[in-house]
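Structure below is my_file01.cif: mmCIF, C-alpha atoms.
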```cif
data_my_file
#
loop_
_atom_site.group_PDB
_atom_site.id
_atom_site.type_symbol
_atom_site.label_atom_id
_atom_site.label_comp_id
_atom_site.auth_asym_id
_atom_site.auth_seq_id
_atom_site.Cartn_x
_atom_site.Cartn_y
_atom_site.Cartn_z
ATOM 1 C CA GLY E 1 186.519 149.030 55.590
ATOM 2 C CA VAL E 2 189.186 146.523 54.542
ATOM 3 C CA ARG E 3 189.245 146.293 50.714
ATOM 4 C CA GLY E 4 186.055 148.345 50.540
ATOM 5 C CA GLY E 5 185.361 150.481 47.457
ATOM 6 C CA ARG E 6 188.725 149.845 45.834
ATOM 7 C CA GLY E 7 187.574 149.178 42.257
ATOM 8 C CA GLY E 8 186.514 151.386 39.383
ATOM 9 C CA GLY E 9 183.411 153.448 38.946
ATOM 10 C CA ASN E 10 182.736 156.977 40.079
ATOM 11 C CA VAL E 11 184.161 156.325 43.529
ATOM 12 C CA ALA E 12 183.881 159.923 44.650
ATOM 13 C CA SER E 13 180.071 159.847 44.451
ATOM 14 C CA ASN E 14 179.659 156.639 46.472
ATOM 15 C CA THR E 15 179.514 155.884 50.187
ATOM 16 C CA VAL E 16 181.210 152.584 51.011
ATOM 17 C CA LEU E 17 181.727 151.108 54.494
ATOM 18 C CA GLY E 18 182.567 147.517 55.377
ATOM 19 C CA ALA E 19 185.023 144.770 54.568
ATOM 20 C CA GLY E 20 184.749 143.909 50.871
ATOM 21 C CA ALA E 21 181.866 146.305 50.324
ATOM 22 C CA GLY E 22 181.417 147.961 46.928
ATOM 23 C CA LEU E 23 184.642 146.616 45.431
ATOM 24 C CA ASN E 24 183.703 147.956 41.991
ATOM 25 C CA PRO E 25 181.040 150.543 42.801
ATOM 26 C CA SER E 26 178.730 152.274 40.385
ATOM 27 C CA SER E 27 177.817 155.927 40.824
ATOM 28 C CA ASP E 28 175.778 157.732 43.472
ATOM 29 C CA SER E 29 175.278 154.578 45.532
ATOM 30 C CA VAL E 30 175.612 153.501 49.159
ATOM 31 C CA TYR E 31 177.131 150.185 50.266
ATOM 32 C CA ILE E 32 177.303 149.573 54.003
ATOM 33 C CA GLY E 33 178.110 146.212 55.556
ATOM 34 C CA SER E 34 180.561 143.405 55.012
ATOM 35 C CA GLY E 35 180.290 142.214 51.411
ATOM 36 C CA SER E 36 177.530 144.680 50.564
ATOM 37 C CA GLY E 37 177.614 145.114 46.797
ATOM 38 C CA SER E 38 180.905 143.218 46.715
ATOM 39 C CA ALA E 39 180.320 141.995 43.148
ATOM 40 C CA ALA E 40 178.370 145.040 41.991
ATOM 41 C CA SER E 41 179.573 146.366 38.658
ATOM 42 C CA GLY E 42 176.921 148.829 37.511
ATOM 43 C CA GLY E 43 173.670 150.545 38.258
ATOM 44 C CA SER E 44 173.230 153.895 39.965
ATOM 45 C CA TYR E 45 171.376 155.395 42.915
ATOM 46 C CA ASN E 46 171.320 152.123 44.863
ATOM 47 C CA THR E 47 171.297 151.900 48.653
ATOM 48 C CA TYR E 48 172.407 148.595 50.160
ATOM 49 C CA VAL E 49 172.779 148.312 53.948
ATOM 50 C CA GLY E 50 173.550 144.968 55.598
ATOM 51 C CA ALA E 51 176.064 142.165 55.190
ATOM 52 C CA ASP E 52 176.034 140.848 51.600
ATOM 53 C CA SER E 53 173.011 142.981 50.661
ATOM 54 C CA GLY E 54 172.840 143.766 46.938
ATOM 55 C CA GLN E 55 175.957 141.707 46.497
ATOM 56 C CA ASN E 56 175.527 140.874 42.800
ATOM 57 C CA ASN E 57 174.014 144.046 41.368
ATOM 58 C CA THR E 58 175.242 144.602 37.805
ATOM 59 C CA SER E 59 172.940 147.101 36.104
ATOM 60 C CA GLY E 60 169.896 147.561 38.311
ATOM 61 C CA GLY E 61 169.362 151.057 39.631
ATOM 62 C CA GLN E 62 167.376 152.855 42.329
ATOM 63 C CA ASN E 63 167.182 149.776 44.544
ATOM 64 C CA SER E 64 166.953 150.003 48.333
ATOM 65 C CA ALA E 65 167.780 146.883 50.351
ATOM 66 C CA PHE E 66 168.262 146.818 54.129
ATOM 67 C CA GLY E 67 169.204 143.682 56.057
ATOM 68 C CA ARG E 68 171.599 140.772 55.792
ATOM 69 C CA THR E 69 171.473 139.272 52.256
ATOM 70 C CA ALA E 70 168.514 141.462 51.309
ATOM 71 C CA GLY E 71 168.403 141.612 47.509
ATOM 72 C CA ILE E 72 171.605 139.582 47.381
ATOM 73 C CA ASN E 73 170.910 138.089 43.950
ATOM 74 C CA LEU E 74 169.556 141.165 42.184
ATOM 75 C CA THR E 75 171.463 141.840 38.988
ATOM 76 C CA SER E 76 169.443 143.988 36.577
ATOM 77 C CA GLY E 77 166.245 144.506 38.577
ATOM 78 C CA GLY E 78 165.549 148.094 39.557
ATOM 79 C CA GLN E 79 163.290 150.254 41.714
ATOM 80 C CA ASN E 80 162.986 147.528 44.357
ATOM 81 C CA THR E 81 162.495 148.128 48.077
ATOM 82 C CA MET E 82 163.520 145.163 50.244
ATOM 83 C CA ILE E 83 163.608 145.581 54.011
ATOM 84 C CA GLY E 84 164.537 142.699 56.296
ATOM 85 C CA SER E 85 167.102 139.947 56.392
ATOM 86 C CA GLN E 86 166.708 137.723 53.287
ATOM 87 C CA ALA E 87 163.995 139.950 51.847
ATOM 88 C CA GLY E 88 163.794 139.389 48.089
ATOM 89 C CA TYR E 89 166.616 136.871 48.388
ATOM 90 C CA ASN E 90 166.024 134.933 45.159
ATOM 91 C CA ASN E 91 164.945 137.795 42.929
ATOM 92 C CA VAL E 92 167.358 138.423 40.059
ATOM 93 C CA ILE E 93 165.760 140.622 37.410
ATOM 94 C CA GLY E 94 162.425 141.673 38.940
ATOM 95 C CA SER E 95 161.708 145.380 39.249
ATOM 96 C CA GLY E 96 159.275 147.462 41.258
ATOM 97 C CA ASN E 97 158.933 145.049 44.171
ATOM 98 C CA VAL E 98 158.180 146.086 47.761
ATOM 99 C CA MET E 99 159.056 143.475 50.392
ATOM 100 C CA LEU E 100 158.800 144.239 54.090
ATOM 101 C CA GLY E 101 159.954 141.891 56.854
ATOM 102 C CA TYR E 102 162.292 138.966 57.410
ATOM 103 C CA ALA E 103 162.346 136.679 54.319
ATOM 104 C CA SER E 104 159.468 138.613 52.778
ATOM 105 C CA GLY E 105 159.095 137.701 49.111
ATOM 106 C CA ARG E 106 162.146 135.460 49.467
ATOM 107 C CA TYR E 107 161.133 133.260 46.524
ATOM 108 C CA GLU E 108 159.470 135.869 44.309
ATOM 109 C CA LEU E 109 161.143 135.952 40.884
ATOM 110 C CA SER E 110 159.024 138.524 39.077
ATOM 111 C CA GLY E 111 158.382 142.237 39.523
ATOM 112 C CA ASN E 112 155.728 144.617 40.848
ATOM 113 C CA ALA E 113 154.964 142.375 43.828
ATOM 114 C CA PHE E 114 154.137 143.466 47.363
ATOM 115 C CA TYR E 115 154.785 141.381 50.472
ATOM 116 C CA VAL E 116 154.502 141.909 54.202
ATOM 117 C CA ASP E 117 155.771 138.835 56.039
ATOM 118 C CA ASN E 118 158.221 137.519 58.624
ATOM 119 C CA GLN E 119 158.446 133.833 57.700
ATOM 120 C CA ASP E 120 160.432 131.693 55.252
ATOM 121 C CA ARG E 121 157.576 130.204 53.171
ATOM 122 C CA THR E 122 159.685 127.575 51.320
ATOM 123 C CA ASN E 123 158.683 128.519 47.745
ATOM 124 C CA THR E 124 156.930 131.136 45.614
ATOM 125 C CA ALA E 125 153.488 129.617 46.113
ATOM 126 C CA GLY E 126 154.099 129.621 49.847
ATOM 127 C CA ASP E 127 155.119 133.277 49.724
ATOM 128 C CA LYS E 128 151.877 134.300 48.037
ATOM 129 C CA ALA E 129 149.580 132.083 50.098
ATOM 130 C CA GLY E 130 151.231 132.681 53.458
ATOM 131 C CA ALA E 131 152.391 136.287 53.600
ATOM 132 C CA LEU E 132 150.247 138.471 55.824
ATOM 133 C CA LEU E 133 149.796 140.746 52.805
ATOM 134 C CA TYR E 134 150.470 139.890 49.168
ATOM 135 C CA GLY E 135 149.655 142.111 46.238
ATOM 136 C CA THR E 136 150.615 143.276 42.770
ATOM 137 C CA PHE E 137 151.271 146.786 41.540
ATOM 138 C CA ASN E 138 150.011 148.116 38.225
ATOM 139 C CA ALA E 139 149.927 151.510 36.543
ATOM 140 C CA THR E 140 146.165 151.006 36.214
ATOM 141 C CA PRO E 141 144.736 151.102 39.767
ATOM 142 C CA SER E 142 141.826 148.782 38.952
ATOM 143 C CA SER E 143 144.322 146.116 37.866
ATOM 144 C CA GLN E 144 146.136 146.102 41.192
ATOM 145 C CA THR E 145 145.454 143.310 43.661
ATOM 146 C CA LEU E 146 145.824 142.804 47.399
ATOM 147 C CA THR E 147 145.341 139.542 49.295
ATOM 148 C CA VAL E 148 145.049 139.400 53.082
ATOM 149 C CA ASN E 149 146.054 135.969 54.389
ATOM 150 C CA ALA E 150 144.569 136.437 57.849
ATOM 151 C CA ALA E 151 141.342 136.859 59.744
ATOM 152 C CA LEU E 152 140.452 140.499 59.117
ATOM 153 C CA SER E 153 138.672 142.749 61.583
ATOM 154 C CA VAL E 154 137.532 146.273 60.748
ATOM 155 C CA THR E 155 136.579 148.555 63.616
ATOM 156 C CA THR E 156 135.631 152.190 64.010
ATOM 157 C CA ALA E 157 136.048 154.610 66.883
ATOM 158 C CA ASN E 158 132.344 155.429 67.066
ATOM 159 C CA ASN E 159 129.075 154.470 65.452
ATOM 160 C CA THR E 160 128.945 157.566 63.270
ATOM 161 C CA ASN E 161 131.777 156.358 61.026
ATOM 162 C CA VAL E 162 131.456 153.698 58.331
ATOM 163 C CA PRO E 163 134.288 151.204 59.026
ATOM 164 C CA LEU E 164 134.425 149.727 55.535
ATOM 165 C CA ILE E 165 133.562 151.300 52.190
ATOM 166 C CA VAL E 166 133.732 149.233 48.989
ATOM 167 C CA THR E 167 133.479 151.173 45.730
ATOM 168 C CA GLY E 168 132.819 149.530 42.383
ATOM 169 C CA ALA E 169 133.392 150.945 38.918
ATOM 170 C CA GLY E 170 130.144 151.828 37.139
ATOM 171 C CA THR E 171 126.889 149.880 37.127
ATOM 172 C CA ASN E 172 126.434 146.120 37.140
ATOM 173 C CA ALA E 173 129.618 145.805 39.177
ATOM 174 C CA ALA E 174 130.458 143.124 41.724
ATOM 175 C CA LEU E 175 131.548 144.870 44.902
ATOM 176 C CA ALA E 176 132.463 141.801 46.905
ATOM 177 C CA LYS E 177 132.953 138.110 46.249
ATOM 178 C CA PHE E 178 132.959 135.631 49.108
ATOM 179 C CA VAL E 179 134.485 132.222 48.400
ATOM 180 C CA ARG E 180 134.921 129.241 50.642
ATOM 181 C CA GLY E 181 137.219 126.403 49.617
ATOM 182 C CA GLY E 182 136.270 122.971 48.332
ATOM 183 C CA ALA E 183 132.833 122.527 46.793
ATOM 184 C CA GLU E 184 131.323 125.580 48.493
ATOM 185 C CA LYS E 185 129.440 128.057 46.332
ATOM 186 C CA THR E 186 130.351 131.694 45.797
ATOM 187 C CA PHE E 187 128.307 134.629 47.102
ATOM 188 C CA TYR E 188 128.362 138.100 45.557
ATOM 189 C CA LEU E 189 127.373 141.556 46.702
ATOM 190 C CA ALA E 190 126.849 143.783 43.678
ATOM 191 C CA THR E 191 125.271 146.955 42.359
ATOM 192 C CA ALA E 192 123.164 147.460 39.253
ATOM 193 C CA GLN E 193 121.439 150.313 37.484
ATOM 194 C CA ASN E 194 118.925 152.527 39.313
ATOM 195 C CA ASN E 195 120.898 152.207 42.566
ATOM 196 C CA GLU E 196 119.808 148.602 43.061
ATOM 197 C CA ALA E 197 121.647 146.337 45.476
ATOM 198 C CA ILE E 198 122.007 142.708 44.408
ATOM 199 C CA PHE E 199 122.789 139.686 46.569
ATOM 200 C CA ALA E 200 123.770 136.848 44.241
ATOM 201 C CA SER E 201 124.653 133.277 45.065
ATOM 202 C CA GLU E 202 125.806 130.311 42.998
ATOM 203 C CA GLY E 203 123.829 128.120 45.376
ATOM 204 C CA ASP E 204 120.881 128.552 47.746
ATOM 205 C CA PHE E 205 120.558 131.788 49.678
ATOM 206 C CA TRP E 206 119.557 131.826 53.339
ATOM 207 C CA VAL E 207 118.899 134.581 55.840
ATOM 208 C CA ASN E 208 119.257 133.403 59.432
ATOM 209 C CA THR E 209 118.504 135.599 62.423
ATOM 210 C CA SER E 210 119.186 135.340 66.149
ATOM 211 C CA VAL E 211 122.187 133.091 65.576
ATOM 212 C CA THR E 212 124.720 132.208 68.239
ATOM 213 C CA ALA E 213 127.879 134.324 68.084
ATOM 214 C CA ASP E 214 130.368 132.943 65.530
ATOM 215 C CA THR E 215 127.965 130.086 64.743
ATOM 216 C CA PRO E 216 125.906 131.162 61.720
ATOM 217 C CA PHE E 217 125.023 127.560 60.833
ATOM 218 C CA GLY E 218 122.921 125.292 62.979
ATOM 219 C CA SER E 219 121.618 128.068 65.193
ATOM 220 C CA GLY E 220 119.051 130.833 65.024
ATOM 221 C CA THR E 221 115.937 131.072 62.874
ATOM 222 C CA THR E 222 115.715 130.913 59.087
ATOM 223 C CA SER E 223 113.844 134.048 58.065
ATOM 224 C CA LEU E 224 114.212 133.520 54.327
ATOM 225 C CA LYS E 225 115.412 130.762 52.039
ATOM 226 C CA ALA E 226 115.799 131.151 48.272
ATOM 227 C CA THR E 227 116.648 128.338 45.835
ATOM 228 C CA SER E 228 116.741 128.245 42.052
ATOM 229 C CA SER E 229 112.996 127.699 41.908
ATOM 230 C CA THR E 230 111.403 128.858 45.176
ATOM 231 C CA VAL E 231 111.507 131.530 47.812
ATOM 232 C CA THR E 232 110.411 130.446 51.281
ATOM 233 C CA ILE E 233 109.533 132.875 54.056
ATOM 234 C CA PRO E 234 108.658 130.880 57.180
ATOM 235 C CA LEU E 235 105.624 132.030 59.127
ATOM 236 C CA THR E 236 106.225 133.158 62.667
#
```
Starting from the file, lay out its structure as structure tokens.
Amino acid sequence: GVRGGRGGGNVASNTVLGAGAGLNPSSDSVYIGSGSGSAASGGSYNTYVGADSGQNNTSGGQNSAFGRTAGINLTSGGQNTMIGSQAGYNNVIGSGNVMLGYASGRYELSGNAFYVDNQDRTNTAGDKAGALLYGTFNATPSSQTLTVNAALSVTTANNTNVPLIVTGAGTNAALAKFVRGGAEKTFYLATAQNNEAIFASEGDFWVNTSVTADTPFGSGTTSLKATSSTVTIPLT
């Protein structure tokens, strides 16, 4: 393209296509699209496809950004995957991010983050609270996190399969924690020694049966109620 790939660097090992793309390319990289990597001055094994994608890369390597302005402000961050227009737009030095969808992780400034989204969420807090999926990567699997910002349904093809399996590490481990906002109490499902199952609540614990669909409160029959001092089993 016009003025594409005309600067220094190991030009022979690069693929450059587009007006102003890869003006000073690094080595073993791909710049496709008007202005893609136009200010890039270092870093190797990068793939930038889309107008102005990876525009300011200086030393970051092994980045993959696809879409208009995807990874536009990355300078030294490496090993990022950003797919979608404006994906990872404001990230400068973060590494190891995976951002999928339009404006996904647009305001994320750190590294090792995971986003699936298709909305501009205004700020970093909005990114994390609003993305369909938000998570963090870690070399230690138990330290990784994944948040689903949506109503989640789990189904199975037949009744012989278990649709959801939650595995905890060792004994006395909380398998699930259910939290409702405001002043609501937290409920836990846990395991203990001797293969015991534990239902724990920060408040009272109720078991209601025969409730109306999607209306667990104010309908049905209370079969058991446990408080801090009593356990009540109504007679039928």
Would you kindly translate the PyMOL selection byres ((chain E and resi 59) around 8) into the concrete residues it picks from this file, as a PyMOL selection string? chain E and resi 41-44+57-58+60-61+75-77
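The protein and nucleic acid residues lying at most 12 Å from Leu152 of chain E are Leu132, Leu133, Thr147, Val148 and Leu164 of chain E, with all atoms listed in the file considered and sequence neighbours fewer than 4 positions away removed.
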I would like the residues chosen by the PyMOL selection byres ((chain E and resi 94-99) around 9) on the shown file; could you give them as an mmCIF file with C-alpha atoms, in the coordinates of the input?
```
data_model
loop_
_atom_site.group_PDB
_atom_site.id
_atom_site.type_symbol
_atom_site.label_atom_id
_atom_site.label_comp_id
_atom_site.auth_asym_id
_atom_site.auth_seq_id
_atom_site.Cartn_x
_atom_site.Cartn_y
_atom_site.Cartn_z
ATOM 1 C CA GLY E 60 169.896 147.561 38.311
ATOM 2 C CA ASN E 63 167.182 149.776 44.544
ATOM 3 C CA LEU E 74 169.556 141.165 42.184
ATOM 4 C CA SER E 76 169.443 143.988 36.577
ATOM 5 C CA GLY E 77 166.245 144.506 38.577
ATOM 6 C CA GLY E 78 165.549 148.094 39.557
ATOM 7 C CA GLN E 79 163.290 150.254 41.714
ATOM 8 C CA ASN E 80 162.986 147.528 44.357
ATOM 9 C CA THR E 81 162.495 148.128 48.077
ATOM 10 C CA MET E 82 163.520 145.163 50.244
ATOM 11 C CA ILE E 83 163.608 145.581 54.011
ATOM 12 C CA GLY E 84 164.537 142.699 56.296
ATOM 13 C CA ALA E 87 163.995 139.950 51.847
ATOM 14 C CA GLY E 88 163.794 139.389 48.089
ATOM 15 C CA ASN E 91 164.945 137.795 42.929
ATOM 16 C CA VAL E 92 167.358 138.423 40.059
ATOM 17 C CA ILE E 93 165.760 140.622 37.410
ATOM 18 C CA LEU E 100 158.800 144.239 54.090
ATOM 19 C CA GLY E 101 159.954 141.891 56.854
ATOM 20 C CA TYR E 102 162.292 138.966 57.410
ATOM 21 C CA ALA E 103 162.346 136.679 54.319
ATOM 22 C CA SER E 104 159.468 138.613 52.778
ATOM 23 C CA GLY E 105 159.095 137.701 49.111
ATOM 24 C CA ARG E 106 162.146 135.460 49.467
ATOM 25 C CA GLU E 108 159.470 135.869 44.309
ATOM 26 C CA LEU E 109 161.143 135.952 40.884
ATOM 27 C CA SER E 110 159.024 138.524 39.077
ATOM 28 C CA GLY E 111 158.382 142.237 39.523
ATOM 29 C CA ASN E 112 155.728 144.617 40.848
ATOM 30 C CA ALA E 113 154.964 142.375 43.828
ATOM 31 C CA PHE E 114 154.137 143.466 47.363
ATOM 32 C CA TYR E 115 154.785 141.381 50.472
ATOM 33 C CA VAL E 116 154.502 141.909 54.202
ATOM 34 C CA ASP E 117 155.771 138.835 56.039
ATOM 35 C CA THR E 136 150.615 143.276 42.770
ATOM 36 C CA PHE E 137 151.271 146.786 41.540
#
```
Atom pair atom CA of Tyr188 of chain E / atom CA of Thr232 of chain E: separation (Å): 20.3 Å
Enumerate, as a PyMOL selection string, the protein, DNA and RNA residues whose atoms approach (126.7, 138.2, 45.2) to within 8 Å, taking into account all atoms listed in the file and the coordinate frame of the file. chain E and resi 174+176-178+186-190+198-201
Reference answer for the PyMOL selection byres ((chain E and resi 205-208) around 12), as a ChimeraX atom specification: /E:185-188,199-204,209-212,215-234
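Here atom CA of Ala213 of chain E is placed at a distance of 17.0 Å from atom CA of Val154 of chain E.
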Between E:Gln62, E:Gln119, E:Thr191, E:Asn73, single out the one closest to Ala40 of chain E, counting all atoms listed in the file. E:Asn73
Atom-to-atom span, atom CA of Ala125 of chain E and atom CA of Asp52 of chain E, Å: 25.8 Å
From the list E:Asn138, E:Ser53, E:Tyr45, E:Ala70, which residue is nearest Gly20 of chain E when using all atoms listed in the file? E:Ser53
Env of Gly33 of chain E: 8 Å cut, atoms = all atoms listed in the file, seq-sep filter 5 positions within chain, self excluded. Answer as an mmCIF file with C-alpha atoms, in the frame of the given file.
```cif
data_model
loop_
_atom_site.group_PDB
_atom_site.id
_atom_site.type_symbol
_atom_site.label_atom_id
_atom_site.label_comp_id
_atom_site.auth_asym_id
_atom_site.auth_seq_id
_atom_site.Cartn_x
_atom_site.Cartn_y
_atom_site.Cartn_z
ATOM 1 C CA LEU E 17 181.727 151.108 54.494
ATOM 2 C CA GLY E 18 182.567 147.517 55.377
ATOM 3 C CA ALA E 19 185.023 144.770 54.568
ATOM 4 C CA ALA E 21 181.866 146.305 50.324
ATOM 5 C CA VAL E 49 172.779 148.312 53.948
ATOM 6 C CA GLY E 50 173.550 144.968 55.598
ATOM 7 C CA ALA E 51 176.064 142.165 55.190
ATOM 8 C CA ASP E 52 176.034 140.848 51.600
ATOM 9 C CA SER E 53 173.011 142.981 50.661
#
```
